[in-house]
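*Asks:* This one is final.txt, compact mmCIF, C-alpha atoms.
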```txt
# COMPACT_ATOMS: atom_id res chain seq x y z
CA MET W 1 59.60 -33.76 45.62
CA MET W 2 62.09 -33.36 48.46
CA THR W 3 64.34 -36.22 49.49
CA PRO W 4 62.62 -38.83 51.71
CA ASP W 5 65.01 -38.32 54.62
CA LEU W 6 64.24 -34.59 54.68
CA ALA W 7 60.49 -35.31 54.41
CA LEU W 8 60.79 -37.71 57.36
CA ALA W 9 62.74 -35.18 59.43
CA LEU W 10 60.18 -32.44 58.81
CA LEU W 11 57.30 -34.81 59.66
CA ILE W 12 59.03 -35.88 62.89
CA ASN W 13 59.63 -32.26 63.92
CA ARG W 14 56.07 -31.24 63.05
CA THR W 15 54.66 -34.16 65.07
CA SER W 16 56.94 -33.52 68.06
CA ALA W 17 55.98 -29.84 68.15
CA TYR W 18 52.25 -30.64 68.03
CA TYR W 19 52.58 -33.41 70.63
CA ASP W 20 54.43 -31.12 73.03
CA ALA W 21 51.97 -28.26 72.51
CA HIS W 22 48.69 -30.20 72.98
CA PRO W 23 48.95 -32.58 75.95
CA PRO W 24 45.67 -33.37 77.69
CA GLU W 25 45.53 -33.45 81.47
CA TYR W 26 43.33 -36.56 81.71
CA ILE W 27 41.90 -39.07 79.24
CA THR W 28 39.05 -41.52 79.70
CA TYR W 29 38.32 -44.32 77.24
CA VAL W 30 37.10 -47.87 76.82
CA GLU W 31 39.64 -50.32 75.44
CA ARG W 32 38.63 -53.53 73.73
CA THR W 33 41.46 -56.03 73.26
CA HIS W 34 41.09 -59.21 71.21
CA VAL W 35 43.97 -61.67 71.71
CA ARG W 36 44.70 -64.48 69.26
CA ALA W 37 47.24 -67.26 69.69
CA LEU W 38 48.13 -68.38 66.19
CA GLY W 39 48.83 -72.06 65.74
CA ILE W 40 46.79 -73.21 68.73
CA GLY W 41 43.46 -71.75 67.61
CA ARG W 42 42.49 -69.90 70.79
CA THR W 43 41.21 -66.38 71.46
CA GLN W 44 40.44 -64.17 74.45
CA ASP W 45 38.83 -60.75 74.94
CA ILE W 46 39.97 -58.21 77.54
CA ASN W 47 37.81 -55.10 77.90
CA ARG W 48 38.34 -52.28 80.41
CA SER W 49 37.26 -48.75 81.15
CA VAL W 50 40.28 -46.55 81.79
CA ALA W 51 40.86 -43.09 83.24
CA VAL W 52 44.47 -41.91 83.04
CA ARG W 53 46.50 -38.96 84.28
CA VAL W 54 48.63 -38.18 81.24
CA ALA W 55 51.65 -36.56 82.91
CA ASP W 56 52.80 -39.75 84.63
CA ASN W 57 50.62 -42.42 82.94
CA TYR W 58 48.81 -43.27 86.18
CA ALA W 59 45.43 -44.87 85.56
CA ALA W 60 42.35 -46.20 87.32
CA MET W 61 40.88 -49.17 85.44
CA LYS W 62 37.91 -51.49 85.66
CA ASP W 63 37.37 -54.79 83.91
CA LEU W 64 34.10 -54.75 81.99
CA PRO W 65 31.28 -55.24 82.54
CA ASN W 66 31.53 -55.61 86.34
CA GLY W 67 34.96 -56.95 87.08
CA GLU W 68 38.08 -56.13 89.05
CA GLN W 69 39.34 -52.59 89.59
CA ARG W 70 43.01 -51.67 89.68
CA VAL W 71 45.47 -48.79 89.37
CA GLY W 72 48.72 -48.62 87.44
CA GLN W 73 49.88 -47.86 83.92
CA ALA W 74 47.06 -47.29 81.43
CA PHE W 75 46.11 -50.52 79.68
CA PRO W 76 47.27 -51.56 77.18
CA ILE W 77 49.27 -48.37 76.52
CA ILE W 78 48.34 -44.75 77.11
CA PRO W 79 46.68 -43.21 74.02
CA TYR W 80 48.91 -40.13 74.30
CA PHE W 81 52.20 -41.58 73.09
CA ASP W 82 54.68 -40.55 70.42
CA PRO W 83 56.51 -43.73 69.32
CA ILE W 84 59.08 -41.80 67.27
CA SER W 85 60.91 -40.87 70.46
CA ALA W 86 63.21 -42.43 73.01
CA PHE W 87 61.02 -44.90 74.92
CA GLY W 88 61.24 -48.10 76.89
CA PHE W 89 58.82 -50.91 76.08
CA SER W 90 58.27 -54.52 77.08
CA TYR W 91 55.45 -56.79 75.93
CA PHE W 92 54.16 -60.21 76.93
CA ALA W 93 50.83 -61.73 75.97
CA ASN W 94 49.04 -65.03 76.26
CA LEU W 95 45.40 -66.00 76.59
CA LYS W 96 45.35 -65.26 80.31
CA ARG W 97 46.94 -61.83 80.35
CA VAL W 98 48.59 -59.05 78.40
CA ASP W 99 51.49 -57.27 80.13
CA ILE W 100 52.81 -54.10 78.51
CA THR W 101 55.21 -51.74 80.24
CA LEU W 102 55.83 -48.37 78.60
CA GLN W 103 58.27 -45.66 79.63
CA ARG W 104 57.72 -42.58 77.48
CA GLY W 105 60.62 -40.34 76.54
CA ALA W 106 60.96 -36.86 75.14
CA PRO W 107 59.88 -36.36 71.51
CA ILE W 108 62.67 -36.04 68.97
CA THR W 109 63.51 -32.79 67.22
CA LEU W 110 65.94 -33.10 64.32
CA ARG W 111 68.13 -30.24 63.17
CA ILE W 112 67.26 -29.08 59.67
CA PRO W 113 70.06 -27.27 57.79
CA ASP W 114 69.48 -23.56 57.35
CA GLU W 115 68.63 -22.31 53.89
CA ASP W 116 71.63 -21.08 51.95
CA PRO W 117 71.01 -19.22 48.67
CA THR W 118 74.40 -20.37 47.36
CA VAL W 119 73.48 -24.07 47.71
CA ASN W 120 71.36 -25.75 45.03
CA VAL W 121 70.59 -29.01 46.86
CA VAL W 122 70.64 -29.97 50.54
CA VAL W 123 70.56 -33.68 51.40
CA PRO W 124 70.38 -34.28 55.16
CA TYR W 125 71.71 -37.67 56.19
CA ASN W 126 70.01 -39.77 58.84
CA SER W 127 72.57 -42.29 60.04
CA PHE W 128 70.02 -44.45 61.86
CA TRP W 129 67.00 -44.83 59.54
CA ALA W 130 67.22 -45.16 55.78
CA ALA W 131 63.98 -43.66 54.43
CA ARG W 132 62.33 -44.13 51.04
CA TYR W 133 58.98 -43.19 49.55
CA ALA W 134 56.27 -45.84 49.20
CA PRO W 135 54.83 -46.07 45.67
CA ASP W 136 51.62 -44.26 46.68
CA SER W 137 53.37 -41.38 48.49
CA THR W 138 52.51 -37.83 47.38
CA ASP W 139 53.47 -34.31 48.47
CA ALA W 140 50.01 -33.97 50.04
CA ALA W 141 50.05 -37.31 51.86
CA LEU W 142 53.44 -38.77 52.68
CA HIS W 143 53.91 -42.52 52.91
CA LEU W 144 57.42 -43.35 54.08
CA LEU W 145 59.17 -46.69 54.57
CA MET W 146 62.26 -46.99 56.75
CA ALA W 147 64.94 -49.58 57.40
CA PRO W 148 67.57 -49.49 60.14
CA THR W 149 71.12 -48.71 59.08
CA ALA W 150 74.16 -50.70 60.18
CA ARG W 151 74.46 -48.37 63.20
CA VAL W 152 71.23 -49.75 64.68
CA LYS W 153 71.89 -53.06 66.41
CA ASP W 154 68.66 -53.49 68.36
CA GLY W 155 65.59 -51.65 69.63
CA PHE W 156 62.46 -50.31 67.97
CA TYR W 157 62.56 -48.18 64.85
CA PRO W 158 59.78 -46.63 62.71
CA ALA W 159 59.37 -48.97 59.74
CA GLU W 160 56.41 -47.19 58.14
CA VAL W 161 54.74 -43.81 58.58
CA ILE W 162 51.61 -42.60 56.77
CA GLU W 163 50.67 -38.92 56.98
CA ASP W 164 47.12 -37.59 57.31
CA PRO W 165 46.81 -34.95 54.56
CA GLN W 166 44.39 -32.89 56.68
CA THR W 167 46.38 -32.65 59.90
CA GLN W 168 49.87 -33.24 58.41
CA LEU W 169 50.50 -35.57 61.35
CA PRO W 170 50.98 -39.35 61.19
CA SER W 171 47.77 -41.37 60.85
CA ARG W 172 49.65 -44.68 61.08
CA ILE W 173 53.03 -45.65 62.51
CA GLU W 174 54.46 -49.16 62.41
CA MET W 175 57.34 -49.91 64.76
CA ARG W 176 59.60 -52.93 64.27
CA VAL W 177 62.66 -54.23 66.11
CA ALA W 178 66.16 -54.33 64.70
CA GLY W 179 68.31 -57.31 65.54
CA GLY W 180 66.09 -60.30 64.85
CA SER W 181 63.01 -59.94 67.09
CA ASP W 182 59.64 -60.22 65.33
CA GLU W 183 57.82 -57.78 67.66
CA ILE W 184 55.65 -55.25 65.81
CA ILE W 185 53.69 -52.28 67.18
CA ASP W 186 51.19 -50.92 64.67
CA LEU W 187 49.36 -47.75 65.77
CA ASP W 188 46.56 -45.73 64.13
CA TYR W 189 46.09 -42.08 65.14
CA LYS W 190 43.47 -39.35 64.93
CA VAL W 191 43.29 -35.77 66.16
CA ILE W 192 40.35 -35.62 68.60
CA GLU W 193 39.47 -32.35 70.34
CA GLY W 194 42.89 -31.05 69.36
CA HIS W 195 44.85 -34.00 70.76
CA TRP W 196 46.84 -36.45 68.59
CA VAL W 197 45.94 -39.84 70.09
CA ILE W 198 45.93 -43.56 69.35
CA VAL W 199 42.55 -44.97 68.29
CA HIS W 200 43.66 -48.48 67.33
CA GLY W 201 46.73 -50.64 67.86
CA THR W 202 48.06 -54.09 67.09
CA PHE W 203 50.86 -55.74 69.09
CA THR W 204 52.46 -58.85 67.64
CA ALA W 205 55.25 -61.07 68.98
CA THR W 206 56.30 -64.70 69.24
CA GLN W 207 55.94 -66.05 72.77
CA HIS W 208 57.40 -69.12 74.44
CA ALA W 209 55.60 -71.14 77.13
CA ALA W 210 56.84 -74.51 78.39
CA PHE W 211 57.29 -76.60 75.23
CA PHE W 212 55.19 -74.31 73.02
CA THR W 213 56.21 -71.49 70.71
CA PHE W 214 53.38 -69.47 69.22
CA LYS W 215 52.66 -66.02 67.86
CA VAL W 216 50.30 -63.81 69.83
CA ILE W 217 48.41 -60.91 68.25
CA ALA W 218 46.65 -58.40 70.50
CA ASP W 219 44.31 -56.11 68.56
CA VAL W 220 43.16 -53.07 70.54
CA THR W 221 40.44 -50.50 69.85
CA TYR W 222 40.15 -47.29 71.89
CA ASP W 223 36.51 -46.16 72.11
CA ASP W 224 34.77 -43.16 73.68
CA LEU W 225 37.94 -41.09 74.09
CA ALA W 226 37.27 -37.98 76.18
CA PHE W 227 39.51 -35.33 77.73
CA SER W 228 39.26 -33.19 80.85
CA ASP W 229 41.27 -30.76 82.95
CA THR W 230 40.06 -32.24 86.23
CA ALA W 231 40.54 -35.75 87.58
CA PRO W 232 37.71 -38.03 86.36
CA ASP W 233 38.49 -40.41 89.25
CA PRO W 234 39.53 -39.29 92.77
CA ARG W 235 42.39 -41.80 92.70
CA LEU W 236 44.01 -39.68 89.97
CA ALA W 237 43.94 -36.41 91.91
CA GLY W 238 47.18 -35.03 93.28
CA THR W 239 50.65 -34.32 91.97
CA PRO W 240 51.98 -36.55 89.16
CA ILE W 241 54.80 -38.87 90.13
CA PRO W 242 58.16 -37.69 88.72
CA THR W 243 59.40 -39.93 85.92
CA THR W 244 62.78 -40.47 84.28
CA SER W 245 62.86 -40.45 80.51
CA PRO W 246 64.61 -43.39 78.84
CA GLY W 247 67.75 -42.68 76.90
CA PRO W 248 68.04 -42.90 73.10
```
Mind turning the file's structure into structure tokens?

*Replies:*
Amino acid sequence: MMTPDLALALLINRTSAYYDAHPPEYITYVERTHVRALGIGRTQDINRSVAVRVADNYAAMKDLPNGEQRVGQAFPIIPYFDPISAFGFSYFANLKRVDITLQRGAPITLRIPDEDPTVNVVVPYNSFWAARYAPDSTDAALHLLMAPTARVKDGFYPAEVIEDPQTQLPSRIEMRVAGGSDEIIDLDYKVIEGHWVIVHGTFTATQHAAFFTFKVIADVTYDDLAFSDTAPDPRLAGTPIPTTSPGP
């Protein structure tokens, strides 16, 4: 079995190549979000139909069953998102609302050393994420665990990646924050009609309100995902708004 850091690098490159090669023009879906505030025993459901223009994450949304309509970033996050990339993210949730802002960046491609017949072993070194195999990891289905190195002071990092043995793309990615924050993004993926997309997500973080401190968990299911080359809503027609990718 190859070293875990090389296995991670190859998986990242494979995922980035597929993500870049198979972007949909538009996605429609129904999101169902269940919000729990631990410690105060309260819950809330937020359900919306969403149509999104993928290039600039511009969406038309409607609260279900017959609620308010709005435009803006796809709620809660766009299903076409590669979290192992440079991205900007902010998250706030309580029982009245969930606010998530996502700025997608370019997928990462890591340089793999060229084969050299005179070298017996090549051990690439990732100076940001220290990877190791989970006990159930196999050559056919990778399960990798990562921890940030001393070079990583803050920001999200991939803490766990599980590979789908059929697609050889991640089926689950868990993102954590270095530097003390307890925010967690846990995303489940499937390949649907050739597109690698999120089908389920969990967002967890401690929130502070007045004199209260409590943990909020937002559990999201993406249903009825469909893809098209033409705008499913007239508000999404036109030229995508130029965006600036966040830095690493």

*Asks:* For W:Tyr19, work out the shell of residues within 10 Å, counting all atoms listed in the file and skipping chain neighbours fewer than 6 positions away, then give it as a short mmCIF file (atom, residue, chain, number, x, y, z; two decimals) with C-alpha atoms, in the coordinates of the input.

*Replies:*
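Heads up, here's the output in around.cif:
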```
data_model
loop_
_atom_site.label_atom_id
_atom_site.label_comp_id
_atom_site.auth_asym_id
_atom_site.auth_seq_id
_atom_site.Cartn_x
_atom_site.Cartn_y
_atom_site.Cartn_z
CA ASN W 13 59.63 -32.26 63.92
CA TYR W 80 48.91 -40.13 74.30
CA PHE W 81 52.20 -41.58 73.09
CA ASP W 82 54.68 -40.55 70.42
CA PRO W 107 59.88 -36.36 71.51
CA LEU W 169 50.50 -35.57 61.35
CA HIS W 195 44.85 -34.00 70.76
CA TRP W 196 46.84 -36.45 68.59
CA VAL W 197 45.94 -39.84 70.09
#
```

*Asks:* Name the closest residue to W:Ala205 among the candidates W:Ala21, W:Pro240, W:Gln168, W:Ser90; distances are taken between atoms, counting only C-alpha atoms.

*Replies:*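 Using only C-alpha atoms, the shortest distance to W:Ala205 belongs to W:Ser90.
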
*Asks:* Measure the distance from atom CA of W:Asp229 to atom CA of W:Glu163 in Å and round it to one decimal.

*Replies:* 28.8 Å

*Asks:* Using all atoms listed in the file, which residue out of W:Trp129, W:Tyr58, W:Phe75, W:Phe87 lies closest to W:Ala9?

*Replies:*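 Result for the nearest residue to W:Ala9: W:Trp129.
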
*Asks:* Taking into account only C-alpha atoms, which residue in the set W:Arg70, W:His22, W:Pro135, W:Pro76 is nearest to W:Ile192?

*Replies:*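 Using only C-alpha atoms, the shortest distance to W:Ile192 belongs to W:His22.
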
*Asks:* So which one's closest to W:Ala17, W:Asn57, W:Thr109, W:Gln44, W:Gln103? Using only C-alpha atoms, please.

*Replies:* W:Thr109

*Asks:* At most 8 Å from (41.9, -45.5, 94.6), file frame, only C-alpha atoms: which residues, as a list in words?

*Replies:* Ala60, Arg70, Val71, Pro234, Arg235 and Leu236 of chain W

*Asks:* What does the structure give for the distance between atom CA of W:Leu11 and atom CA of W:Ala86, in Å to one decimal?

*Replies:*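 The value is 16.5 Å.
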
*Asks:* Can you work out which one of W:Ala237, W:Leu38, W:Val54, W:Ile78 has the shortest atom-to-atom distance to W:Tyr222, counting only C-alpha atoms?

*Replies:*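 Checking each candidate against W:Tyr222, we get W:Ile78 as the closest.
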
*Asks:* From the list W:Arg151, W:Arg132, W:Arg111, W:Lys215, which residue is nearest W:Ile40 when using only C-alpha atoms?

*Replies:*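 Closest residue, counting only C-alpha atoms: W:Lys215.
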
*Asks:* Edge lengths and centre in Å to one decimal, as lines of an AutoDock Vina configuration file, of the axis-aligned box that encloses all listed atoms of stretch 222-231 of chain W with 5 Å added on every side?

*Replies:*
```
center_x = 38.0
center_y = -39.0
center_z = 79.7
size_x = 16.5
size_y = 26.5
size_z = 25.7
```
